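Source file: query-v1.cif (mmCIF, C-alpha atoms)
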```cif
data_model
loop_
_atom_site.group_PDB
_atom_site.id
_atom_site.type_symbol
_atom_site.label_atom_id
_atom_site.label_comp_id
_atom_site.auth_asym_id
_atom_site.auth_seq_id
_atom_site.Cartn_x
_atom_site.Cartn_y
_atom_site.Cartn_z
ATOM 1 C CA MET A 129 -8.999 -39.149 23.031
ATOM 2 C CA ALA A 130 -11.054 -38.120 26.026
ATOM 3 C CA SER A 131 -14.235 -39.838 24.847
ATOM 4 C CA LYS A 132 -15.538 -42.097 22.098
ATOM 5 C CA THR A 133 -18.060 -39.459 21.005
ATOM 6 C CA LEU A 134 -15.364 -36.796 20.735
ATOM 7 C CA LYS A 135 -13.240 -39.101 18.597
ATOM 8 C CA SER A 136 -16.106 -39.707 16.162
ATOM 9 C CA VAL A 137 -16.803 -35.969 15.929
ATOM 10 C CA MET A 138 -13.101 -35.267 15.311
ATOM 11 C CA TRP A 139 -12.971 -37.844 12.505
ATOM 12 C CA LEU A 140 -15.952 -36.266 10.736
ATOM 13 C CA THR A 141 -14.557 -32.757 11.246
ATOM 14 C CA LEU A 142 -11.188 -33.768 9.808
ATOM 15 C CA ILE A 143 -12.794 -35.273 6.744
ATOM 16 C CA ALA A 144 -14.917 -32.170 6.166
ATOM 17 C CA SER A 145 -11.859 -29.929 6.554
ATOM 18 C CA ALA A 146 -9.746 -32.097 4.263
ATOM 19 C CA VAL A 147 -12.301 -32.020 1.474
ATOM 20 C CA ALA A 148 -12.285 -28.225 1.620
ATOM 21 C CA MET A 149 -8.508 -28.045 1.274
ATOM 22 C CA ALA A 150 -6.413 -28.372 -1.844
ATOM 23 C CA ALA A 151 -3.258 -30.447 -1.826
ATOM 24 C CA PRO A 152 -0.377 -28.063 -1.063
ATOM 25 C CA GLY A 153 1.815 -27.046 -3.961
ATOM 26 C CA GLY A 154 4.620 -29.538 -4.402
ATOM 27 C CA GLY A 155 3.039 -31.639 -1.659
ATOM 28 C CA LYS A 156 3.657 -35.340 -1.548
ATOM 29 C CA GLY A 157 0.918 -37.692 -2.624
ATOM 30 C CA PRO A 158 0.251 -40.916 -4.524
ATOM 31 C CA PRO A 159 1.643 -40.291 -8.040
ATOM 32 C CA SER A 160 -0.400 -41.356 -11.058
ATOM 33 C CA ASP A 161 2.363 -43.728 -12.156
ATOM 34 C CA LYS A 162 2.826 -45.130 -8.615
ATOM 35 C CA GLY A 163 6.519 -44.361 -8.965
ATOM 36 C CA ASN A 164 6.903 -43.342 -5.303
ATOM 37 C CA LYS A 165 5.113 -46.341 -3.833
ATOM 38 C CA PRO A 166 7.276 -48.121 -1.235
ATOM 39 C CA THR A 167 8.629 -51.503 -2.247
ATOM 40 C CA SER A 168 6.552 -54.525 -1.244
ATOM 41 C CA GLU A 169 9.507 -56.130 0.559
ATOM 42 C CA VAL A 170 9.161 -53.571 3.345
ATOM 43 C CA GLY A 171 7.165 -54.990 6.279
ATOM 44 C CA ASN A 172 3.824 -53.680 7.483
ATOM 45 C CA ASN A 173 3.491 -51.952 10.850
ATOM 46 C CA LEU A 174 1.550 -53.501 13.707
ATOM 47 C CA SER A 175 -1.415 -51.114 14.019
ATOM 48 C CA VAL A 176 -3.693 -52.770 16.599
ATOM 49 C CA PRO A 177 -2.702 -54.057 20.056
ATOM 50 C CA ALA A 178 -1.480 -57.658 19.932
ATOM 51 C CA ILE A 179 -1.306 -60.444 22.495
ATOM 52 C CA MET A 180 1.267 -63.173 21.863
ATOM 53 C CA ALA A 181 0.014 -66.377 23.475
ATOM 54 C CA GLY A 182 3.459 -67.630 24.453
ATOM 55 C CA ALA A 183 6.914 -67.106 23.014
ATOM 56 C CA GLY A 184 8.017 -68.277 19.588
ATOM 57 C CA SER A 185 6.692 -65.705 17.121
ATOM 58 C CA THR A 186 9.005 -64.649 14.303
ATOM 59 C CA PHE A 187 7.694 -61.095 13.813
ATOM 60 C CA ALA A 188 10.281 -58.332 13.923
ATOM 61 C CA ILE A 189 8.524 -56.548 16.789
ATOM 62 C CA ASP A 190 9.306 -56.285 20.489
ATOM 63 C CA CYS A 191 6.612 -57.871 22.678
ATOM 64 C CA PRO A 192 7.751 -57.848 26.329
ATOM 65 C CA ALA A 193 6.019 -59.339 29.388
ATOM 66 C CA ALA A 194 3.989 -56.136 29.831
ATOM 67 C CA PHE A 195 2.322 -54.150 27.079
ATOM 68 C CA SER A 196 4.838 -52.035 25.156
ATOM 69 C CA PRO A 197 3.979 -48.362 24.561
ATOM 70 C CA LEU A 198 2.280 -47.053 21.429
ATOM 71 C CA LEU A 199 5.004 -45.776 19.076
ATOM 72 C CA PRO A 200 3.698 -42.944 16.838
ATOM 73 C CA PRO A 201 4.594 -42.569 13.142
ATOM 74 C CA ASP A 202 8.148 -41.427 12.470
ATOM 75 C CA LYS A 203 7.334 -39.472 9.285
ATOM 76 C CA ALA A 204 4.935 -36.734 8.256
ATOM 77 C CA PRO A 205 1.558 -37.716 6.806
ATOM 78 C CA VAL A 206 0.891 -37.750 3.067
ATOM 79 C CA TRP A 207 -1.930 -35.995 1.205
ATOM 80 C CA TYR A 208 -4.408 -38.277 -0.598
ATOM 81 C CA PRO A 209 -7.259 -36.926 -2.747
ATOM 82 C CA LYS A 210 -10.766 -38.308 -2.470
ATOM 83 C CA GLU A 211 -11.232 -41.527 -4.430
ATOM 84 C CA CYS A 212 -14.247 -43.716 -5.067
ATOM 85 C CA ALA A 213 -14.636 -47.177 -6.565
ATOM 86 C CA PRO A 214 -17.715 -48.631 -8.280
ATOM 87 C CA PRO A 215 -19.901 -50.879 -6.125
ATOM 88 C CA LYS A 216 -19.101 -54.585 -6.055
ATOM 89 C CA ASP A 217 -22.018 -56.871 -6.858
ATOM 90 C CA GLU A 218 -25.040 -55.127 -5.321
ATOM 91 C CA GLY A 219 -23.084 -53.213 -2.673
ATOM 92 C CA ALA A 220 -22.689 -49.475 -2.287
ATOM 93 C CA GLN A 221 -19.992 -47.307 -3.837
ATOM 94 C CA ILE A 222 -16.770 -47.320 -1.800
ATOM 95 C CA CYS A 223 -15.171 -43.926 -1.142
ATOM 96 C CA VAL A 224 -12.170 -42.690 0.842
ATOM 97 C CA ASP A 225 -12.237 -38.993 1.700
ATOM 98 C CA ALA A 226 -9.384 -36.599 1.002
ATOM 99 C CA GLY A 227 -6.950 -35.908 3.797
ATOM 100 C CA TYR A 228 -3.490 -36.393 5.245
ATOM 101 C CA TYR A 229 -2.685 -40.024 6.069
ATOM 102 C CA TYR A 230 0.237 -41.842 7.640
ATOM 103 C CA VAL A 231 1.077 -44.540 5.109
ATOM 104 C CA GLN A 232 2.057 -48.173 5.656
ATOM 105 C CA ARG A 233 5.541 -49.065 4.359
ATOM 106 C CA ASP A 234 6.440 -45.351 4.296
ATOM 107 C CA ALA A 235 6.255 -44.250 7.921
ATOM 108 C CA LYS A 236 6.968 -46.615 10.816
ATOM 109 C CA TRP A 237 4.825 -47.027 13.926
ATOM 110 C CA GLN A 238 3.934 -49.845 16.326
ATOM 111 C CA ALA A 239 0.900 -50.600 18.438
ATOM 112 C CA PRO A 240 1.373 -52.080 21.916
ATOM 113 C CA CYS A 241 2.006 -55.807 22.182
ATOM 114 C CA VAL A 242 2.663 -58.256 24.989
ATOM 115 C CA THR A 243 3.857 -61.846 25.374
ATOM 116 C CA MET A 244 1.784 -63.775 27.920
ATOM 117 C CA ASP A 245 2.636 -67.090 29.546
ATOM 118 C CA GLY A 246 0.160 -69.891 30.115
ATOM 119 C CA SER A 247 -2.899 -70.814 28.074
ATOM 120 C CA GLY A 248 -6.635 -70.343 27.974
ATOM 121 C CA LEU A 249 -6.876 -66.831 26.524
ATOM 122 C CA SER A 250 -10.504 -66.193 25.555
ATOM 123 C CA VAL A 251 -10.965 -65.294 21.896
ATOM 124 C CA SER A 252 -13.382 -65.014 19.000
ATOM 125 C CA GLY A 253 -12.444 -65.579 15.359
ATOM 126 C CA LYS A 254 -12.926 -64.290 11.834
ATOM 127 C CA TRP A 255 -12.425 -66.087 8.510
ATOM 128 C CA GLY A 256 -11.469 -64.209 5.350
ATOM 129 C CA ASP A 257 -14.416 -62.699 3.465
ATOM 130 C CA ASN A 258 -13.836 -64.956 0.448
ATOM 131 C CA LEU A 259 -14.323 -68.048 2.640
ATOM 132 C CA ALA A 260 -16.980 -66.864 5.078
ATOM 133 C CA GLY A 261 -19.284 -65.625 2.324
ATOM 134 C CA GLY A 262 -19.395 -68.868 0.323
ATOM 135 C CA SER A 263 -17.616 -67.139 -2.554
ATOM 136 C CA ALA A 264 -18.158 -68.472 -6.083
ATOM 137 C CA SER A 265 -14.534 -67.510 -6.815
ATOM 138 C CA LEU A 266 -13.095 -70.644 -5.185
ATOM 139 C CA LYS A 267 -11.937 -72.457 -8.296
ATOM 140 C CA VAL A 268 -9.826 -75.506 -9.147
ATOM 141 C CA GLY A 269 -6.284 -74.587 -10.203
ATOM 142 C CA SER A 270 -6.500 -70.984 -8.987
ATOM 143 C CA PRO A 271 -5.059 -69.549 -5.770
ATOM 144 C CA ILE A 272 -7.466 -69.568 -2.833
ATOM 145 C CA ARG A 273 -6.404 -67.324 0.019
ATOM 146 C CA VAL A 274 -7.039 -68.902 3.427
ATOM 147 C CA GLU A 275 -6.941 -66.354 6.255
ATOM 148 C CA PHE A 276 -8.033 -66.454 9.871
ATOM 149 C CA LEU A 277 -7.944 -63.767 12.543
ATOM 150 C CA LEU A 278 -7.971 -64.350 16.317
ATOM 151 C CA LEU A 279 -9.605 -61.485 18.213
ATOM 152 C CA ASP A 280 -9.403 -60.505 21.855
ATOM 153 C CA LEU A 281 -12.961 -60.599 23.223
ATOM 154 C CA TYR A 282 -14.893 -57.328 22.893
ATOM 155 C CA ASP A 283 -16.820 -57.561 26.178
ATOM 156 C CA THR A 284 -13.942 -58.580 28.491
ATOM 157 C CA PRO A 285 -10.780 -57.651 26.574
ATOM 158 C CA THR A 286 -7.393 -58.687 27.905
ATOM 159 C CA ALA A 287 -6.032 -55.605 26.129
ATOM 160 C CA ALA A 288 -8.433 -53.153 27.794
ATOM 161 C CA GLY A 289 -6.988 -49.622 27.828
ATOM 162 C CA GLN A 290 -4.518 -50.287 25.004
ATOM 163 C CA THR A 291 -4.464 -48.093 21.905
ATOM 164 C CA GLY A 292 -3.557 -48.286 18.242
ATOM 165 C CA TYR A 293 -4.438 -46.953 14.811
ATOM 166 C CA PHE A 294 -7.357 -47.560 12.444
ATOM 167 C CA VAL A 295 -5.704 -48.341 9.089
ATOM 168 C CA ILE A 296 -7.810 -48.318 5.924
ATOM 169 C CA LYS A 297 -7.343 -48.968 2.218
ATOM 170 C CA LEU A 298 -6.577 -45.563 0.675
ATOM 171 C CA GLU A 299 -7.101 -46.428 -3.008
ATOM 172 C CA PRO A 300 -10.410 -48.317 -3.297
ATOM 173 C CA SER A 301 -10.166 -48.672 -7.088
ATOM 174 C CA GLU A 302 -6.872 -50.592 -6.805
ATOM 175 C CA LEU A 303 -6.462 -54.290 -6.115
ATOM 176 C CA ASP A 304 -6.007 -54.944 -2.391
ATOM 177 C CA ARG A 305 -2.403 -56.050 -2.885
ATOM 178 C CA GLU A 306 -1.534 -52.915 -4.919
ATOM 179 C CA SER A 307 -3.258 -50.207 -2.885
ATOM 180 C CA ASP A 308 -1.674 -47.960 -0.274
ATOM 181 C CA TYR A 309 -2.958 -48.286 3.296
ATOM 182 C CA GLY A 310 -2.806 -45.743 6.092
ATOM 183 C CA HIS A 311 -4.517 -43.920 8.976
ATOM 184 C CA LEU A 312 -5.870 -40.398 9.152
ATOM 185 C CA ALA A 313 -3.865 -37.536 10.693
ATOM 186 C CA THR A 314 -4.991 -34.362 12.389
ATOM 187 C CA GLY A 315 -3.686 -31.117 10.898
ATOM 188 C CA SER A 316 -1.343 -31.238 7.907
ATOM 189 C CA ALA A 317 2.242 -32.063 7.042
ATOM 190 C CA THR A 318 3.204 -28.362 7.043
ATOM 191 C CA ASP A 319 1.089 -27.014 9.929
ATOM 192 C CA GLY A 320 1.753 -29.806 12.373
ATOM 193 C CA SER A 321 -0.011 -33.143 12.579
ATOM 194 C CA ALA A 322 -0.721 -36.006 14.934
ATOM 195 C CA ALA A 323 -1.991 -39.543 14.597
ATOM 196 C CA ILE A 324 -5.484 -40.387 15.871
ATOM 197 C CA ALA A 325 -5.233 -43.188 18.432
ATOM 198 C CA TYR A 326 -8.141 -45.544 19.140
ATOM 199 C CA GLU A 327 -8.601 -47.417 22.390
ATOM 200 C CA VAL A 328 -9.761 -51.038 22.524
ATOM 201 C CA GLY A 329 -13.555 -50.917 22.601
ATOM 202 C CA ASP A 330 -13.888 -47.605 20.717
ATOM 203 C CA PRO A 331 -16.459 -47.513 17.883
ATOM 204 C CA LEU A 332 -14.942 -47.196 14.414
ATOM 205 C CA PRO A 333 -16.021 -44.888 11.576
ATOM 206 C CA GLY A 334 -18.507 -46.777 9.443
ATOM 207 C CA GLY A 335 -19.263 -49.348 12.149
ATOM 208 C CA GLY A 336 -17.468 -52.013 14.133
ATOM 209 C CA THR A 337 -15.328 -51.885 17.246
ATOM 210 C CA PHE A 338 -11.598 -51.347 17.646
ATOM 211 C CA ALA A 339 -10.197 -54.638 18.967
ATOM 212 C CA ALA A 340 -6.874 -56.276 19.795
ATOM 213 C CA VAL A 341 -5.626 -59.402 18.034
ATOM 214 C CA VAL A 342 -4.217 -62.611 19.487
ATOM 215 C CA PHE A 343 -1.470 -64.774 18.001
ATOM 216 C CA ASP A 344 -0.715 -68.334 19.127
ATOM 217 C CA PRO A 345 2.755 -69.353 17.803
ATOM 218 C CA SER A 346 1.925 -73.035 18.406
ATOM 219 C CA ALA A 347 -1.090 -73.007 16.056
ATOM 220 C CA ARG A 348 -1.483 -75.686 13.395
ATOM 221 C CA LEU A 349 -3.413 -75.859 10.141
ATOM 222 C CA LYS A 350 -4.933 -78.912 8.449
ATOM 223 C CA ILE A 351 -6.703 -78.883 5.068
ATOM 224 C CA GLU A 352 -8.452 -82.071 3.909
ATOM 225 C CA ARG A 353 -10.581 -83.070 0.926
ATOM 226 C CA LEU A 354 -13.882 -84.651 1.908
ATOM 227 C CA VAL A 355 -15.647 -87.507 0.113
ATOM 228 C CA ASP A 356 -19.151 -88.180 1.403
ATOM 229 C CA GLY A 357 -18.261 -86.092 4.425
ATOM 230 C CA VAL A 358 -15.189 -88.193 5.298
ATOM 231 C CA PRO A 359 -11.616 -86.768 5.111
ATOM 232 C CA VAL A 360 -9.378 -88.335 2.451
ATOM 233 C CA SER A 361 -5.804 -89.270 3.382
ATOM 234 C CA PRO A 362 -3.270 -87.786 2.984
ATOM 235 C CA ALA A 363 -4.272 -84.253 3.913
ATOM 236 C CA VAL A 364 -3.709 -81.452 1.393
ATOM 237 C CA TYR A 365 -1.739 -79.695 4.122
ATOM 238 C CA ASN A 366 -1.013 -80.592 7.742
ATOM 239 C CA GLY A 367 1.547 -78.449 9.504
ATOM 240 C CA ILE A 368 2.446 -75.178 11.201
ATOM 241 C CA ALA A 369 -0.002 -72.298 10.814
ATOM 242 C CA SER A 370 2.105 -69.313 9.804
ATOM 243 C CA GLY A 371 1.171 -65.701 10.498
ATOM 244 C CA GLU A 372 1.850 -62.299 8.994
ATOM 245 C CA ILE A 373 1.100 -58.636 9.645
ATOM 246 C CA ASN A 374 -1.329 -57.624 6.912
ATOM 247 C CA ALA A 375 -1.771 -54.240 5.254
ATOM 248 C CA THR A 376 -4.233 -53.013 7.885
ATOM 249 C CA GLY A 377 -1.694 -53.804 10.619
ATOM 250 C CA LYS A 378 -3.346 -56.905 12.065
ATOM 251 C CA ILE A 379 -1.628 -60.251 12.695
ATOM 252 C CA VAL A 380 -3.460 -62.888 10.671
ATOM 253 C CA TYR A 381 -2.886 -66.550 9.876
ATOM 254 C CA GLY A 382 -2.499 -67.052 6.138
ATOM 255 C CA TYR A 383 -2.062 -69.876 3.629
ATOM 256 C CA ASN A 384 -2.183 -69.923 -0.184
ATOM 257 C CA LEU A 385 -4.232 -72.964 -1.199
ATOM 258 C CA ARG A 386 -4.399 -74.389 -4.710
ATOM 259 C CA VAL A 387 -6.212 -77.676 -5.442
ATOM 260 C CA GLN A 388 -6.659 -79.737 -8.606
ATOM 261 C CA GLN A 389 -9.916 -81.488 -7.747
ATOM 262 C CA ALA A 390 -13.345 -79.954 -7.321
ATOM 263 C CA GLY A 391 -15.229 -80.812 -4.173
ATOM 264 C CA THR A 392 -15.572 -79.977 -0.493
ATOM 265 C CA TYR A 393 -12.511 -79.175 1.598
ATOM 266 C CA ARG A 394 -12.305 -78.901 5.372
ATOM 267 C CA ILE A 395 -10.019 -76.256 6.910
ATOM 268 C CA THR A 396 -9.108 -76.767 10.575
ATOM 269 C CA TYR A 397 -7.053 -74.391 12.683
ATOM 270 C CA THR A 398 -5.944 -75.680 16.094
ATOM 271 C CA PHE A 399 -4.821 -73.176 18.755
ATOM 272 C CA PRO A 400 -3.463 -74.987 21.843
ATOM 273 C CA ARG A 401 -3.081 -71.805 23.912
ATOM 274 C CA VAL A 402 -6.462 -70.125 23.404
ATOM 275 C CA THR A 403 -10.124 -70.975 24.014
ATOM 276 C CA PHE A 404 -13.003 -69.875 21.805
ATOM 277 C CA VAL A 405 -15.645 -68.154 23.894
ATOM 278 C CA GLY A 406 -16.919 -65.666 21.330
ATOM 279 C CA ASP A 407 -18.427 -66.557 17.953
ATOM 280 C CA CYS A 408 -16.763 -66.867 14.561
ATOM 281 C CA ASN A 409 -18.251 -65.373 11.391
ATOM 282 C CA ALA A 410 -18.542 -68.809 9.729
ATOM 283 C CA GLY A 411 -18.014 -72.500 10.413
ATOM 284 C CA THR A 412 -17.602 -73.827 13.938
ATOM 285 C CA CYS A 413 -15.325 -72.420 16.631
ATOM 286 C CA PHE A 414 -15.239 -74.463 19.823
ATOM 287 C CA ASN A 415 -12.654 -75.020 22.558
ATOM 288 C CA SER A 416 -9.338 -74.604 20.679
ATOM 289 C CA GLU A 417 -10.447 -75.357 17.104
ATOM 290 C CA ALA A 418 -11.873 -73.358 14.213
ATOM 291 C CA VAL A 419 -13.369 -75.510 11.433
ATOM 292 C CA LEU A 420 -14.792 -74.437 8.077
ATOM 293 C CA ASP A 421 -15.888 -76.470 5.043
ATOM 294 C CA ILE A 422 -15.521 -74.780 1.633
ATOM 295 C CA VAL A 423 -16.683 -75.861 -1.828
ATOM 296 C CA VAL A 424 -14.248 -75.586 -4.747
ATOM 297 C CA THR A 425 -15.751 -75.689 -8.238
ATOM 298 C CA GLY A 426 -14.507 -75.569 -11.906
ATOM 299 C CA SER A 427 -11.502 -73.500 -13.078
ATOM 300 C CA GLY A 428 -11.125 -69.744 -12.614
ATOM 301 C CA GLY A 429 -11.028 -67.797 -9.426
ATOM 302 C CA GLY A 430 -9.047 -66.604 -6.305
ATOM 303 C CA GLY A 431 -10.027 -64.926 -3.143
ATOM 304 C CA LYS A 432 -9.710 -61.708 -1.205
ATOM 305 C CA PRO A 433 -7.960 -61.214 2.113
ATOM 306 C CA ILE A 434 -9.642 -60.191 5.400
ATOM 307 C CA ARG A 435 -11.161 -56.808 5.237
ATOM 308 C CA PRO A 436 -10.576 -54.450 8.120
#
```

Translate this file's structure into structure tokens.
Amino acid sequence: MASKTLKSVMWLTLIASAVAMAAPGGGKGPPSDKGNKPTSEVGNNLSVPAIMAGAGSTFAIDCPAAFSPLLPPDKAPVWYPKECAPPKDEGAQICVDAGYYYVQRDAKWQAPCVTMDGSGLSVSGKWGDNLAGGSASLKVGSPIRVEFLLLDLYDTPTAAGQTGYFVIKLEPSELDRESDYGHLATGSATDGSAAIAYEVGDPLPGGGTFAAVVFDPSARLKIERLVDGVPVSPAVYNGIASGEINATGKIVYGYNLRVQQAGTYRITYTFPRVTFVGDCNAGTCFNSEAVLDIVVTGSGGGGKPIRP
């Protein structure tokens, strides 16, 4: 778009127009029985610009030595009606406005990505909401989702000028893993449509800034139980930190943790090819390490992935 202000105005105009429209007769949309939902085996599309800190990633995307172009969706957008979900805890009601959306695992698209040699990329970091917020849902014997996101710095981005798509959860009343995800389209499936591209640094609807992600294929993860503040040997896990493209189209590091003893656990990510200059939303991020202590209590609980 020509300007950040114009993009924000367009988003609001599209939402207002969509609410006024009715879904076209026979038009495609999320069925009540979910019978047309794409299978979960289909991979998610990279939706934000990505910087690979060295070769060795296993993602099925092409990341050359210079940023690849933005590849637009290869299918028409899908109509979704307005949907709201009750507030969680003391938060506000969550609503997604009606409109045409390009849907993950239905259409295919790809944001720009690049593979860079060398080390020392400047980054900030973000832990999953379930970990950063001191969630009471971290329970013995239940799955605890460990996720971490490396972000290109907002103020001096390596990916300056690159574009991508702002993907959101389209069905707020569904579980995160069962909802559709997509990004808003201009126009309609019958009258012509186009995807709305955001540039790194653009403000996002509802707050936040559109940013690129960084992935270090040489990253490692260590999880240790602490007794009186001292790590107990052997570690719960000590090995390669694997990554995935999540439903919002970001590359995140993920691990499914399950422990049988209550107590404090230390999670340490080590990234040999990046340097933390910006802050993290929890724990300590310094030099090439991100460290967070979590408390696991009685039986029950789980954890939610990183929100967009």

(request) Step by step, work through what the PyMOL selection byres ((chain A and resi 395-412) around 10) selects in the shown file, and finish by giving those residues as number ranges by chain. (result) A: 180-182, 245-257, 259-262, 274, 276-283, 342-353, 364-366, 368-369, 381, 392-394, 413-422

(request) May I have the protein, DNA and RNA residues with an atom at most 9 Å from (-16.4, -76.7, -8.2), counting all atoms listed in the file in the file's coordinates, returned as number ranges by chain? (result) A: 264, 266-268, 389-392, 423-427

What's the 7 Å shell around region 239-241 of chain A, counting all atoms listed in the file, without same-chain residues fewer than 5 positions away, as a compact mmCIF listing (two decimals) with C-alpha atoms, in the coordinates of the input?
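As a result, part_21.txt now contains:
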```txt
# COMPACT_ATOMS: atom_id res chain seq x y z
CA LEU A 174 1.55 -53.50 13.71
CA SER A 175 -1.42 -51.11 14.02
CA VAL A 176 -3.69 -52.77 16.60
CA PRO A 177 -2.70 -54.06 20.06
CA ALA A 178 -1.48 -57.66 19.93
CA ILE A 179 -1.31 -60.44 22.50
CA CYS A 191 6.61 -57.87 22.68
CA PHE A 195 2.32 -54.15 27.08
CA SER A 196 4.84 -52.04 25.16
CA PRO A 197 3.98 -48.36 24.56
CA LEU A 198 2.28 -47.05 21.43
CA LEU A 199 5.00 -45.78 19.08
CA GLN A 290 -4.52 -50.29 25.00
CA THR A 291 -4.46 -48.09 21.90
CA GLY A 292 -3.56 -48.29 18.24
```

(request) Would you please work out which residue, of A:Ala340, A:Ala220, A:Cys212, A:Ala194, is nearest to Glu302 (chain A) when using all atoms listed in the file? (result)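 Of A:Ala340, A:Ala220, A:Cys212, A:Ala194, the one nearest Glu302 (chain A) is A:Cys212, counting all atoms listed in the file.
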
(message) Between CA of Thr284 (chain A) and CA of Phe338 (chain A), what is the distance in Å, rounded to a tenth?
(response)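 Computed distance, CA of Thr284 (chain A) to CA of Phe338 (chain A), equals 13.2 Å.
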